[in-house]
$ cat my_file_27.pdb   # PDB, C-alpha atoms
ATOM      1  CA  MET A  28     -11.330  12.801  14.320  1.00  0.00           C
ATOM      2  CA  ALA A  29      -8.860  10.209  15.567  1.00  0.00           C
ATOM      3  CA  PHE A  30      -5.702   8.584  14.249  1.00  0.00           C
ATOM      4  CA  ILE A  31      -4.250   5.129  14.640  1.00  0.00           C
ATOM      5  CA  SER A  32      -0.886   4.049  13.284  1.00  0.00           C
ATOM      6  CA  LEU A  33      -0.552   0.922  11.155  1.00  0.00           C
ATOM      7  CA  PRO A  34       2.946  -0.527  11.663  1.00  0.00           C
ATOM      8  CA  ASN A  35       4.528  -2.807   9.115  1.00  0.00           C
ATOM      9  CA  PRO A  36       2.921  -6.259   8.880  1.00  0.00           C
ATOM     10  CA  VAL A  37       4.816  -9.291  10.078  1.00  0.00           C
ATOM     11  CA  LEU A  38       6.541 -11.262   7.356  1.00  0.00           C
ATOM     12  CA  PRO A  39       7.419 -14.827   8.393  1.00  0.00           C
ATOM     13  CA  LEU A  40      10.576 -16.793   7.774  1.00  0.00           C
ATOM     14  CA  SER A  41       8.437 -19.624   6.420  1.00  0.00           C
ATOM     15  CA  GLY A  42       4.881 -20.876   6.488  1.00  0.00           C
ATOM     16  CA  PRO A  43       1.686 -18.809   6.640  1.00  0.00           C
ATOM     17  CA  ALA A  44       1.870 -15.330   8.102  1.00  0.00           C
ATOM     18  CA  ARG A  45       0.472 -14.704  11.563  1.00  0.00           C
ATOM     19  CA  PRO A  46       0.432 -11.024  12.460  1.00  0.00           C
ATOM     20  CA  VAL A  47       1.338 -10.276  16.066  1.00  0.00           C
ATOM     21  CA  LEU A  48      -1.177  -7.915  17.618  1.00  0.00           C
ATOM     22  CA  SER A  49      -0.217  -4.946  19.746  1.00  0.00           C
ATOM     23  CA  PRO A  50      -2.304  -2.203  21.384  1.00  0.00           C
ATOM     24  CA  LEU A  51      -1.751   1.292  20.025  1.00  0.00           C
ATOM     25  CA  ARG A  52      -3.032   4.605  21.330  1.00  0.00           C
ATOM     26  CA  PRO A  53      -4.976   6.899  18.984  1.00  0.00           C
ATOM     27  CA  THR A  54      -3.759  10.495  18.895  1.00  0.00           C
ATOM     28  CA  SER A  55      -7.062  11.972  19.936  1.00  0.00           C
ATOM     29  CA  ALA A  56      -8.250  14.209  22.741  1.00  0.00           C
ATOM     30  CA  ARG A  57     -10.905  11.700  23.701  1.00  0.00           C
ATOM     31  CA  PRO A  58     -10.076   8.858  26.117  1.00  0.00           C
ATOM     32  CA  ALA A  59      -7.895   6.349  24.325  1.00  0.00           C
ATOM     33  CA  ARG A  60      -8.906   2.753  23.931  1.00  0.00           C
ATOM     34  CA  PRO A  61      -6.540   0.217  22.407  1.00  0.00           C
ATOM     35  CA  ALA A  62      -6.771  -0.942  18.821  1.00  0.00           C
ATOM     36  CA  ALA A  63      -5.171  -4.224  17.789  1.00  0.00           C
ATOM     37  CA  LEU A  64      -2.710  -3.860  14.942  1.00  0.00           C
ATOM     38  CA  PRO A  65       0.234  -5.867  13.540  1.00  0.00           C
ATOM     39  CA  VAL A  66       3.694  -4.899  14.775  1.00  0.00           C
ATOM     40  CA  SER A  67       6.854  -4.393  12.728  1.00  0.00           C
ATOM     41  CA  ALA A  68       8.512  -7.185  10.823  1.00  0.00           C
ATOM     42  CA  THR A  69      11.726  -8.672  12.106  1.00  0.00           C
ATOM     43  CA  ALA A  70      12.269 -11.188   9.314  1.00  0.00           C
ATOM     44  CA  ALA A  71      11.862 -11.224   5.548  1.00  0.00           C
ATOM     45  CA  PRO A  72       9.909 -13.981   3.748  1.00  0.00           C
ATOM     46  CA  GLU A  73      11.751 -16.713   1.910  1.00  0.00           C
ATOM     47  CA  ASN A  74       9.459 -16.757  -1.117  1.00  0.00           C
ATOM     48  CA  TRP A  75       6.533 -14.949  -2.707  1.00  0.00           C
ATOM     49  CA  LYS A  76       4.033 -17.431  -1.286  1.00  0.00           C
ATOM     50  CA  ASP A  77       4.946 -16.079   2.131  1.00  0.00           C
ATOM     51  CA  VAL A  78       4.549 -12.523   0.821  1.00  0.00           C
ATOM     52  CA  LYS A  79       1.090 -13.358  -0.517  1.00  0.00           C
ATOM     53  CA  ALA A  80       0.121 -14.963   2.778  1.00  0.00           C
ATOM     54  CA  ALA A  81       1.442 -11.960   4.699  1.00  0.00           C
ATOM     55  CA  ALA A  82      -0.548  -9.619   2.441  1.00  0.00           C
ATOM     56  CA  SER A  83      -3.725 -11.598   3.057  1.00  0.00           C
ATOM     57  CA  ASP A  84      -3.225 -11.609   6.814  1.00  0.00           C
ATOM     58  CA  ALA A  85      -2.286  -7.908   6.782  1.00  0.00           C
ATOM     59  CA  LYS A  86      -5.518  -7.097   4.977  1.00  0.00           C
ATOM     60  CA  ASP A  87      -7.561  -9.104   7.504  1.00  0.00           C
ATOM     61  CA  ALA A  88      -5.726  -7.536  10.457  1.00  0.00           C
ATOM     62  CA  ALA A  89      -6.155  -4.016   9.079  1.00  0.00           C
ATOM     63  CA  THR A  90      -9.862  -4.590   8.426  1.00  0.00           C
ATOM     64  CA  ASP A  91     -10.426  -5.853  11.962  1.00  0.00           C
ATOM     65  CA  ALA A  92      -8.275  -3.067  13.442  1.00  0.00           C
ATOM     66  CA  VAL A  93     -10.220  -0.336  11.671  1.00  0.00           C
ATOM     67  CA  LYS A  94     -13.546  -1.750  12.863  1.00  0.00           C
ATOM     68  CA  ASP A  95     -12.324  -2.299  16.430  1.00  0.00           C
ATOM     69  CA  ALA A  96     -10.690   1.133  16.678  1.00  0.00           C
ATOM     70  CA  ALA A  97     -13.748   2.966  15.396  1.00  0.00           C
ATOM     71  CA  LYS A  98     -16.008   1.047  17.759  1.00  0.00           C
ATOM     72  CA  GLY A  99     -13.668   1.367  20.751  1.00  0.00           C
ATOM     73  CA  MET A 100     -13.287   5.137  20.358  1.00  0.00           C
ATOM     74  CA  GLY A 101     -17.015   5.651  20.049  1.00  0.00           C
ATOM     75  CA  LEU A 102     -16.833   6.985  16.504  1.00  0.00           C
ATOM     76  CA  GLY A 103     -20.320   7.153  15.096  1.00  0.00           C
ATOM     77  CA  PRO A 104     -20.659   8.535  11.566  1.00  0.00           C
ATOM     78  CA  ASP A 105     -18.294   7.340   8.876  1.00  0.00           C
ATOM     79  CA  THR A 106     -17.142  10.883   8.075  1.00  0.00           C
ATOM     80  CA  THR A 107     -16.286  14.177   9.730  1.00  0.00           C
ATOM     81  CA  ALA A 108     -15.633  17.705   8.463  1.00  0.00           C
ATOM     82  CA  LEU A 109     -12.027  18.891   8.299  1.00  0.00           C
ATOM     83  CA  GLY A 110     -12.221  22.435   7.019  1.00  0.00           C
ATOM     84  CA  SER A 111     -13.977  22.110   3.682  1.00  0.00           C
ATOM     85  CA  LEU A 112     -12.896  18.481   3.351  1.00  0.00           C
ATOM     86  CA  THR A 113     -15.051  15.518   4.259  1.00  0.00           C
ATOM     87  CA  VAL A 114     -12.827  12.741   5.576  1.00  0.00           C
ATOM     88  CA  SER A 115     -13.254   9.499   7.469  1.00  0.00           C
ATOM     89  CA  SER A 116     -13.696   9.799  11.224  1.00  0.00           C
ATOM     90  CA  LEU A 117     -10.662   7.541  11.591  1.00  0.00           C
ATOM     91  CA  GLY A 118      -7.300   8.421  10.031  1.00  0.00           C
ATOM     92  CA  ILE A 119      -4.253   6.194   9.485  1.00  0.00           C
ATOM     93  CA  GLY A 120      -0.726   7.256  10.450  1.00  0.00           C
ATOM     94  CA  THR A 121       2.023   5.834   8.224  1.00  0.00           C
ATOM     95  CA  TRP A 122       5.317   6.558   9.992  1.00  0.00           C
ATOM     96  CA  ALA A 123       6.232   2.866   9.912  1.00  0.00           C
ATOM     97  CA  TRP A 124       5.697   2.539   6.164  1.00  0.00           C
ATOM     98  CA  GLY A 125       9.158   2.825   4.664  1.00  0.00           C
ATOM     99  CA  ASP A 126      11.015   3.530   7.912  1.00  0.00           C
ATOM    100  CA  ARG A 127      13.987   1.195   8.305  1.00  0.00           C
ATOM    101  CA  LEU A 128      15.595   2.786  11.374  1.00  0.00           C
ATOM    102  CA  PHE A 129      12.750   2.570  13.885  1.00  0.00           C
ATOM    103  CA  TRP A 130      10.334   0.093  12.309  1.00  0.00           C
ATOM    104  CA  GLY A 131      12.540  -2.329  10.365  1.00  0.00           C
ATOM    105  CA  TYR A 132      10.872  -1.706   7.015  1.00  0.00           C
ATOM    106  CA  LYS A 133      11.883  -3.931   4.101  1.00  0.00           C
ATOM    107  CA  PRO A 134      10.740  -3.556   0.463  1.00  0.00           C
ATOM    108  CA  GLU A 135       9.382  -7.102   0.657  1.00  0.00           C
ATOM    109  CA  GLN A 136       6.638  -5.697   2.896  1.00  0.00           C
ATOM    110  CA  ASP A 137       5.191  -3.440   0.191  1.00  0.00           C
ATOM    111  CA  LYS A 138       2.647  -5.985  -1.021  1.00  0.00           C
ATOM    112  CA  ALA A 139       1.323  -6.528   2.503  1.00  0.00           C
ATOM    113  CA  LEU A 140       1.308  -2.781   3.188  1.00  0.00           C
ATOM    114  CA  GLN A 141      -0.685  -2.174   0.038  1.00  0.00           C
ATOM    115  CA  ALA A 142      -3.151  -4.877   1.081  1.00  0.00           C
ATOM    116  CA  ALA A 143      -3.539  -3.122   4.442  1.00  0.00           C
ATOM    117  CA  PHE A 144      -4.030   0.241   2.693  1.00  0.00           C
ATOM    118  CA  ASN A 145      -6.681  -1.254   0.418  1.00  0.00           C
ATOM    119  CA  ALA A 146      -8.443  -2.868   3.377  1.00  0.00           C
ATOM    120  CA  CYS A 147      -8.574   0.491   5.157  1.00  0.00           C
ATOM    121  CA  VAL A 148     -10.110   2.238   2.154  1.00  0.00           C
ATOM    122  CA  ASP A 149     -12.511  -0.663   1.590  1.00  0.00           C
ATOM    123  CA  GLY A 150     -13.484  -0.190   5.265  1.00  0.00           C
ATOM    124  CA  LYS A 151     -14.431   3.470   4.756  1.00  0.00           C
ATOM    125  CA  VAL A 152     -11.130   5.036   5.868  1.00  0.00           C
ATOM    126  CA  ASN A 153      -9.933   7.588   3.317  1.00  0.00           C
ATOM    127  CA  PHE A 154      -7.520   9.790   5.309  1.00  0.00           C
ATOM    128  CA  PHE A 155      -3.810   8.942   5.594  1.00  0.00           C
ATOM    129  CA  ASP A 156      -1.103  10.969   7.338  1.00  0.00           C
ATOM    130  CA  THR A 157       2.537  10.857   6.198  1.00  0.00           C
ATOM    131  CA  ALA A 158       5.583  13.163   6.339  1.00  0.00           C
ATOM    132  CA  GLU A 159       8.749  13.945   4.413  1.00  0.00           C
ATOM    133  CA  VAL A 160      10.878  12.496   7.236  1.00  0.00           C
ATOM    134  CA  TYR A 161       8.999   9.179   7.345  1.00  0.00           C
ATOM    135  CA  GLY A 162      11.292   6.810   5.514  1.00  0.00           C
ATOM    136  CA  PRO A 163      12.691   9.428   4.772  1.00  0.00           C
ATOM    137  CA  GLY A 164      10.306  10.043   1.890  1.00  0.00           C
ATOM    138  CA  GLN A 165       9.479   6.385   1.296  1.00  0.00           C
ATOM    139  CA  SER A 166       6.223   6.667   3.234  1.00  0.00           C
ATOM    140  CA  GLU A 167       5.124   9.463   0.890  1.00  0.00           C
ATOM    141  CA  ARG A 168       6.058   7.371  -2.141  1.00  0.00           C
ATOM    142  CA  LEU A 169       4.117   4.360  -0.859  1.00  0.00           C
ATOM    143  CA  CYS A 170       1.047   6.360   0.130  1.00  0.00           C
ATOM    144  CA  GLY A 171       0.957   8.087  -3.235  1.00  0.00           C
ATOM    145  CA  ARG A 172       1.361   4.855  -5.175  1.00  0.00           C
ATOM    146  CA  PHE A 173      -1.179   2.964  -3.092  1.00  0.00           C
ATOM    147  CA  ALA A 174      -3.733   5.749  -3.569  1.00  0.00           C
ATOM    148  CA  ARG A 175      -3.210   5.806  -7.343  1.00  0.00           C
ATOM    149  CA  GLU A 176      -3.441   2.039  -7.664  1.00  0.00           C
ATOM    150  CA  TYR A 177      -6.381   1.470  -5.317  1.00  0.00           C
ATOM    151  CA  LYS A 178      -9.320  -0.490  -6.669  1.00  0.00           C
ATOM    152  CA  PRO A 179     -12.245  -1.520  -4.449  1.00  0.00           C
ATOM    153  CA  SER A 180     -12.419  -5.170  -3.520  1.00  0.00           C
ATOM    154  CA  GLU A 181     -15.450  -7.132  -4.646  1.00  0.00           C
ATOM    155  CA  GLY A 182     -18.394  -6.202  -2.446  1.00  0.00           C
ATOM    156  CA  ALA A 183     -16.577  -3.299  -0.765  1.00  0.00           C
ATOM    157  CA  THR A 184     -18.341   0.045  -0.315  1.00  0.00           C
ATOM    158  CA  PRO A 185     -15.599   2.669   0.231  1.00  0.00           C
ATOM    159  CA  LEU A 186     -16.458   6.284   0.945  1.00  0.00           C
ATOM    160  CA  GLU A 187     -17.314   8.343  -2.092  1.00  0.00           C
ATOM    161  CA  GLY A 188     -14.753  10.857  -3.288  1.00  0.00           C
ATOM    162  CA  ASP A 189     -10.972  11.035  -3.178  1.00  0.00           C
ATOM    163  CA  ILE A 190      -8.476   9.345  -0.902  1.00  0.00           C
ATOM    164  CA  HIS A 191      -7.030  12.195   1.176  1.00  0.00           C
ATOM    165  CA  ILE A 192      -3.340  12.312   2.088  1.00  0.00           C
ATOM    166  CA  ALA A 193      -1.789  14.746   4.546  1.00  0.00           C
ATOM    167  CA  THR A 194       1.950  15.336   4.802  1.00  0.00           C
ATOM    168  CA  LYS A 195       4.263  17.486   6.898  1.00  0.00           C
ATOM    169  CA  PHE A 196       7.181  19.923   6.607  1.00  0.00           C
ATOM    170  CA  ALA A 197      10.202  19.191   8.807  1.00  0.00           C
ATOM    171  CA  PRO A 198      11.684  22.388  10.349  1.00  0.00           C
ATOM    172  CA  LEU A 199      15.233  21.059  10.222  1.00  0.00           C
ATOM    173  CA  PRO A 200      18.141  23.244  11.471  1.00  0.00           C
ATOM    174  CA  PHE A 201      19.399  24.096   7.986  1.00  0.00           C
ATOM    175  CA  ARG A 202      16.018  25.502   6.930  1.00  0.00           C
ATOM    176  CA  PHE A 203      15.525  29.194   7.631  1.00  0.00           C
ATOM    177  CA  SER A 204      13.206  30.804   5.093  1.00  0.00           C
ATOM    178  CA  ARG A 205       9.605  30.704   3.964  1.00  0.00           C
ATOM    179  CA  LYS A 206      10.856  29.468   0.590  1.00  0.00           C
ATOM    180  CA  SER A 207      12.109  26.289   2.256  1.00  0.00           C
ATOM    181  CA  VAL A 208       8.494  25.375   3.049  1.00  0.00           C
ATOM    182  CA  VAL A 209       7.431  25.824  -0.566  1.00  0.00           C
ATOM    183  CA  ASP A 210      10.437  23.842  -1.819  1.00  0.00           C
ATOM    184  CA  ALA A 211       9.728  21.039   0.654  1.00  0.00           C
ATOM    185  CA  LEU A 212       6.102  20.817  -0.459  1.00  0.00           C
ATOM    186  CA  LYS A 213       7.175  20.609  -4.102  1.00  0.00           C
ATOM    187  CA  SER A 214       9.499  17.749  -3.172  1.00  0.00           C
ATOM    188  CA  SER A 215       6.724  15.980  -1.250  1.00  0.00           C
ATOM    189  CA  LEU A 216       4.323  16.363  -4.167  1.00  0.00           C
ATOM    190  CA  ASN A 217       6.932  14.802  -6.440  1.00  0.00           C
ATOM    191  CA  LYS A 218       7.318  11.802  -4.100  1.00  0.00           C
ATOM    192  CA  LEU A 219       3.559  11.466  -3.749  1.00  0.00           C
ATOM    193  CA  GLY A 220       3.165  11.642  -7.520  1.00  0.00           C
ATOM    194  CA  ALA A 221       0.452  14.235  -6.987  1.00  0.00           C
ATOM    195  CA  GLU A 222      -0.403  17.779  -8.005  1.00  0.00           C
ATOM    196  CA  LYS A 223      -1.924  18.634  -4.650  1.00  0.00           C
ATOM    197  CA  VAL A 224      -1.957  17.612  -1.016  1.00  0.00           C
ATOM    198  CA  ASP A 225      -5.058  17.921   1.094  1.00  0.00           C
ATOM    199  CA  MET A 226      -3.365  18.944   4.322  1.00  0.00           C
ATOM    200  CA  TYR A 227       0.133  20.374   4.889  1.00  0.00           C
ATOM    201  CA  GLN A 228       1.506  20.895   8.379  1.00  0.00           C
ATOM    202  CA  ILE A 229       4.617  21.957  10.290  1.00  0.00           C
ATOM    203  CA  HIS A 230       5.787  18.705  11.868  1.00  0.00           C
ATOM    204  CA  TRP A 231       7.102  20.107  15.166  1.00  0.00           C
ATOM    205  CA  PRO A 232       7.726  23.557  16.717  1.00  0.00           C
ATOM    206  CA  ALA A 233      10.315  25.640  14.884  1.00  0.00           C
ATOM    207  CA  PHE A 234      10.820  28.229  17.657  1.00  0.00           C
ATOM    208  CA  LEU A 235      12.972  31.054  16.175  1.00  0.00           C
ATOM    209  CA  GLN A 236      11.903  30.318  12.581  1.00  0.00           C
ATOM    210  CA  GLU A 237       8.186  29.936  13.323  1.00  0.00           C
ATOM    211  CA  GLN A 238       7.105  33.165  11.615  1.00  0.00           C
ATOM    212  CA  ALA A 239       9.018  32.424   8.412  1.00  0.00           C
ATOM    213  CA  PHE A 240       7.556  28.939   8.205  1.00  0.00           C
ATOM    214  CA  TRP A 241       4.025  30.194   8.783  1.00  0.00           C
ATOM    215  CA  ASP A 242       4.583  32.640   5.931  1.00  0.00           C
ATOM    216  CA  GLY A 243       5.793  29.705   3.859  1.00  0.00           C
ATOM    217  CA  LEU A 244       2.576  27.821   4.574  1.00  0.00           C
ATOM    218  CA  ALA A 245       0.644  30.870   3.411  1.00  0.00           C
ATOM    219  CA  ASP A 246       2.704  30.891   0.223  1.00  0.00           C
ATOM    220  CA  CYS A 247       1.682  27.291  -0.359  1.00  0.00           C
ATOM    221  CA  VAL A 248      -1.955  28.322  -0.550  1.00  0.00           C
ATOM    222  CA  GLY A 249      -1.274  31.291  -2.800  1.00  0.00           C
ATOM    223  CA  LYS A 250      -1.245  34.093  -0.242  1.00  0.00           C
ATOM    224  CA  HIS A 251       1.365  36.830   0.047  1.00  0.00           C
ATOM    225  CA  ASP A 252       3.579  37.193  -3.031  1.00  0.00           C
ATOM    226  CA  ALA A 253       3.854  33.559  -4.171  1.00  0.00           C
ATOM    227  CA  GLN A 254       1.835  31.777  -6.809  1.00  0.00           C
ATOM    228  CA  PRO A 255      -0.348  28.969  -5.439  1.00  0.00           C
ATOM    229  CA  LEU A 256       0.989  25.476  -5.822  1.00  0.00           C
ATOM    230  CA  ARG A 257      -2.590  24.263  -5.780  1.00  0.00           C
ATOM    231  CA  GLU A 258      -5.965  25.017  -4.235  1.00  0.00           C
ATOM    232  CA  THR A 259      -4.848  23.416  -1.018  1.00  0.00           C
ATOM    233  CA  LEU A 260      -6.066  23.584   2.545  1.00  0.00           C
ATOM    234  CA  VAL A 261      -3.626  24.071   5.367  1.00  0.00           C
ATOM    235  CA  PHE A 262      -4.665  23.396   8.955  1.00  0.00           C
ATOM    236  CA  PHE A 263      -2.754  24.236  12.121  1.00  0.00           C
TER     237      PHE A 263
END
$ encode --input "my_file_27.pdb" --output "structure tokens"
Amino acid sequence: MAFISLPNPVLPLSGPARPVLSPLRPTSARPARPAALPVSATAAPENWKDVKAAASDAKDAATDAVKDAAKGMGLGPDTTALGSLTVSSLGIGTWAWGDRLFWGYKPEQDKALQAAFNACVDGKVNFFDTAEVYGPGQSERLCGRFAREYKPSEGATPLEGDIHIATKFAPLPFRFSRKSVVDALKSSLNKLGAEKVDMYQIHWPAFLQEQAFWDGLADCVGKHDAQPLRETLVFF
């Protein structure tokens, strides 16, 4: 299992879009090999023709990136087991989707981002990783909407089954209890527009609150004294 991150596609000031390619490192234990992906946008398009062109180029760039990354990392089969889930061997990280502070996200990029999402799923990638602090929350909203609205392109052969989305709990300083994990998941589900999430994680070490947050994760899958939010899987 390996992840690459798809930054926001480039949106031109005028004329046809030309994504700038940049090497990114997959978050995998195996030796990393670069995958070419579009970098963040620094300018918004002047009209919807530019948006359409950017979406088309984003789709092409994402398709090529998925193929190149899978080949470069030596990924063989299309799928791998993740607990009881069957997911694509390549996953897509979506920190840049909706993040204005670090990645310069603009709402005008949504069409191109959706085209990139669709290209990934068309290319047999069905696992996307987001988090409540990406955006903050906008990445979850986009991932949820893109998954609901996805329709295979003509001639595409996506993986059978659902599109799987993972999200993460942020152990922020004002959060102390196991209930905060459950509340955060409910909020994430609302932003995703979903009744379940396939993978829920603690985003970074919580140190003194670690035990409470682990208990909260257990509550999310119906253990201890809480009712299950869903028949979810939680991996650590």
$ residues_around --input "my_file_27.pdb" --residues "segment 197-214 of chain A" --least-positions-apart "2" --cutoff "6 Å" --atoms "only C-alpha atoms" --output "PyMOL selection string"
chain A and resi 216-217+230+233+239-240+242-243+247
$ resolve_selection --input "my_file_27.pdb" --expression "the PyMOL selection byres ((chain A and resi 151) around 6)" --output "list in words"
Val148, Asp149, Gly150, Val152, Pro185 and Leu186 of chain A
$ write_last_selection --input "my_file_27.pdb" --atoms "C-alpha atoms" --output "short mmCIF file (atom, residue, chain, number, x, y, z; two decimals), keeping the file's coordinate frame"
data_model
loop_
_atom_site.label_atom_id
_atom_site.label_comp_id
_atom_site.auth_asym_id
_atom_site.auth_seq_id
_atom_site.Cartn_x
_atom_site.Cartn_y
_atom_site.Cartn_z
CA VAL A 148 -10.11 2.24 2.15
CA ASP A 149 -12.51 -0.66 1.59
CA GLY A 150 -13.48 -0.19 5.26
CA VAL A 152 -11.13 5.04 5.87
CA PRO A 185 -15.60 2.67 0.23
CA LEU A 186 -16.46 6.28 0.94
#
$ atom_distance --input "my_file_27.pdb" --atom1 "atom CA of Leu109 of chain A" --atom2 "atom CA of Ile190 of chain A"
13.7 Å
$ resolve_selection --input "my_file_27.pdb" --expression "the PyMOL selection byres ((chain A and resi 167-183) around 8)" --output "number ranges by chain"
A: 124-125, 137, 141, 144-145, 148-150, 155, 157-159, 161, 164-166, 184-185, 190, 192, 194, 215, 218-221
$ write_last_selection --input "my_file_27.pdb" --atoms "C-alpha atoms" --output "compact mmCIF listing (two decimals), keeping the file's coordinate frame"
# COMPACT_ATOMS: atom_id res chain seq x y z
CA TRP A 124 5.70 2.54 6.16
CA GLY A 125 9.16 2.82 4.66
CA ASP A 137 5.19 -3.44 0.19
CA GLN A 141 -0.68 -2.17 0.04
CA PHE A 144 -4.03 0.24 2.69
CA ASN A 145 -6.68 -1.25 0.42
CA VAL A 148 -10.11 2.24 2.15
CA ASP A 149 -12.51 -0.66 1.59
CA GLY A 150 -13.48 -0.19 5.26
CA PHE A 155 -3.81 8.94 5.59
CA THR A 157 2.54 10.86 6.20
CA ALA A 158 5.58 13.16 6.34
CA GLU A 159 8.75 13.94 4.41
CA TYR A 161 9.00 9.18 7.34
CA GLY A 164 10.31 10.04 1.89
CA GLN A 165 9.48 6.38 1.30
CA SER A 166 6.22 6.67 3.23
CA THR A 184 -18.34 0.04 -0.32
CA PRO A 185 -15.60 2.67 0.23
CA ILE A 190 -8.48 9.35 -0.90
CA ILE A 192 -3.34 12.31 2.09
CA THR A 194 1.95 15.34 4.80
CA SER A 215 6.72 15.98 -1.25
CA LYS A 218 7.32 11.80 -4.10
CA LEU A 219 3.56 11.47 -3.75
CA GLY A 220 3.16 11.64 -7.52
CA ALA A 221 0.45 14.24 -6.99
$ atom_distance --input "my_file_27.pdb" --atom1 "atom CA of Glu187 of chain A" --atom2 "atom CA of Asp156 of chain A"
18.9 Å
$ closest_residue --input "my_file_27.pdb" --among "A:Gln236, A:Thr121, A:Gln136, A:Asn153" --to "Thr107 of chain A" --atoms "all atoms listed in the file"
A:Asn153
$ atom_distance --input "my_file_27.pdb" --atom1 "atom CA of Val248 of chain A" --atom2 "atom CA of Lys223 of chain A"
10.5 Å
$ resolve_selection --input "my_file_27.pdb" --expression "the PyMOL selection byres ((chain A and resi 228) around 9)" --output "ChimeraX atom specification"
/A:158,193-197,226-227,229-231,244,261-263
$ build_atoms --input "my_file_27.pdb" --residues "segment 207-212 of chain A" --atoms "all heavy atoms" --output "PDB file, in the frame of the given file"
ATOM      1  N   SER A 207      11.794  27.680   1.966  1.00  0.00           N
ATOM      2  CA  SER A 207      12.109  26.289   2.256  1.00  0.00           C
ATOM      3  C   SER A 207      10.834  25.464   2.431  1.00  0.00           C
ATOM      4  O   SER A 207      10.821  24.264   2.136  1.00  0.00           O
ATOM      5  CB  SER A 207      12.989  26.187   3.508  1.00  0.00           C
ATOM      6  OG  SER A 207      12.310  26.655   4.656  1.00  0.00           O
ATOM      7  N   VAL A 208       9.766  26.080   2.902  1.00  0.00           N
ATOM      8  CA  VAL A 208       8.494  25.375   3.049  1.00  0.00           C
ATOM      9  C   VAL A 208       7.915  25.054   1.680  1.00  0.00           C
ATOM     10  O   VAL A 208       7.457  23.931   1.427  1.00  0.00           O
ATOM     11  CB  VAL A 208       7.499  26.215   3.879  1.00  0.00           C
ATOM     12  CG1 VAL A 208       6.196  25.451   4.067  1.00  0.00           C
ATOM     13  CG2 VAL A 208       8.098  26.583   5.226  1.00  0.00           C
ATOM     14  N   VAL A 209       7.938  26.031   0.789  1.00  0.00           N
ATOM     15  CA  VAL A 209       7.431  25.824  -0.566  1.00  0.00           C
ATOM     16  C   VAL A 209       8.251  24.752  -1.282  1.00  0.00           C
ATOM     17  O   VAL A 209       7.704  23.849  -1.925  1.00  0.00           O
ATOM     18  CB  VAL A 209       7.445  27.141  -1.361  1.00  0.00           C
ATOM     19  CG1 VAL A 209       6.974  26.915  -2.792  1.00  0.00           C
ATOM     20  CG2 VAL A 209       6.574  28.185  -0.682  1.00  0.00           C
ATOM     21  N   ASP A 210       9.569  24.826  -1.167  1.00  0.00           N
ATOM     22  CA  ASP A 210      10.437  23.842  -1.819  1.00  0.00           C
ATOM     23  C   ASP A 210      10.181  22.438  -1.271  1.00  0.00           C
ATOM     24  O   ASP A 210      10.175  21.452  -2.024  1.00  0.00           O
ATOM     25  CB  ASP A 210      11.905  24.216  -1.618  1.00  0.00           C
ATOM     26  CG  ASP A 210      12.307  25.464  -2.382  1.00  0.00           C
ATOM     27  OD1 ASP A 210      11.574  25.851  -3.317  1.00  0.00           O
ATOM     28  OD2 ASP A 210      13.357  26.051  -2.051  1.00  0.00           O
ATOM     29  N   ALA A 211       9.983  22.346   0.046  1.00  0.00           N
ATOM     30  CA  ALA A 211       9.728  21.039   0.654  1.00  0.00           C
ATOM     31  C   ALA A 211       8.407  20.456   0.172  1.00  0.00           C
ATOM     32  O   ALA A 211       8.302  19.249  -0.068  1.00  0.00           O
ATOM     33  CB  ALA A 211       9.733  21.157   2.176  1.00  0.00           C
ATOM     34  N   LEU A 212       7.387  21.307   0.030  1.00  0.00           N
ATOM     35  CA  LEU A 212       6.102  20.817  -0.459  1.00  0.00           C
ATOM     36  C   LEU A 212       6.222  20.330  -1.899  1.00  0.00           C
ATOM     37  O   LEU A 212       5.670  19.288  -2.256  1.00  0.00           O
ATOM     38  CB  LEU A 212       5.040  21.906  -0.356  1.00  0.00           C
ATOM     39  CG  LEU A 212       3.658  21.519  -0.888  1.00  0.00           C
ATOM     40  CD1 LEU A 212       3.133  20.247  -0.231  1.00  0.00           C
ATOM     41  CD2 LEU A 212       2.657  22.665  -0.701  1.00  0.00           C
TER      42      LEU A 212
END
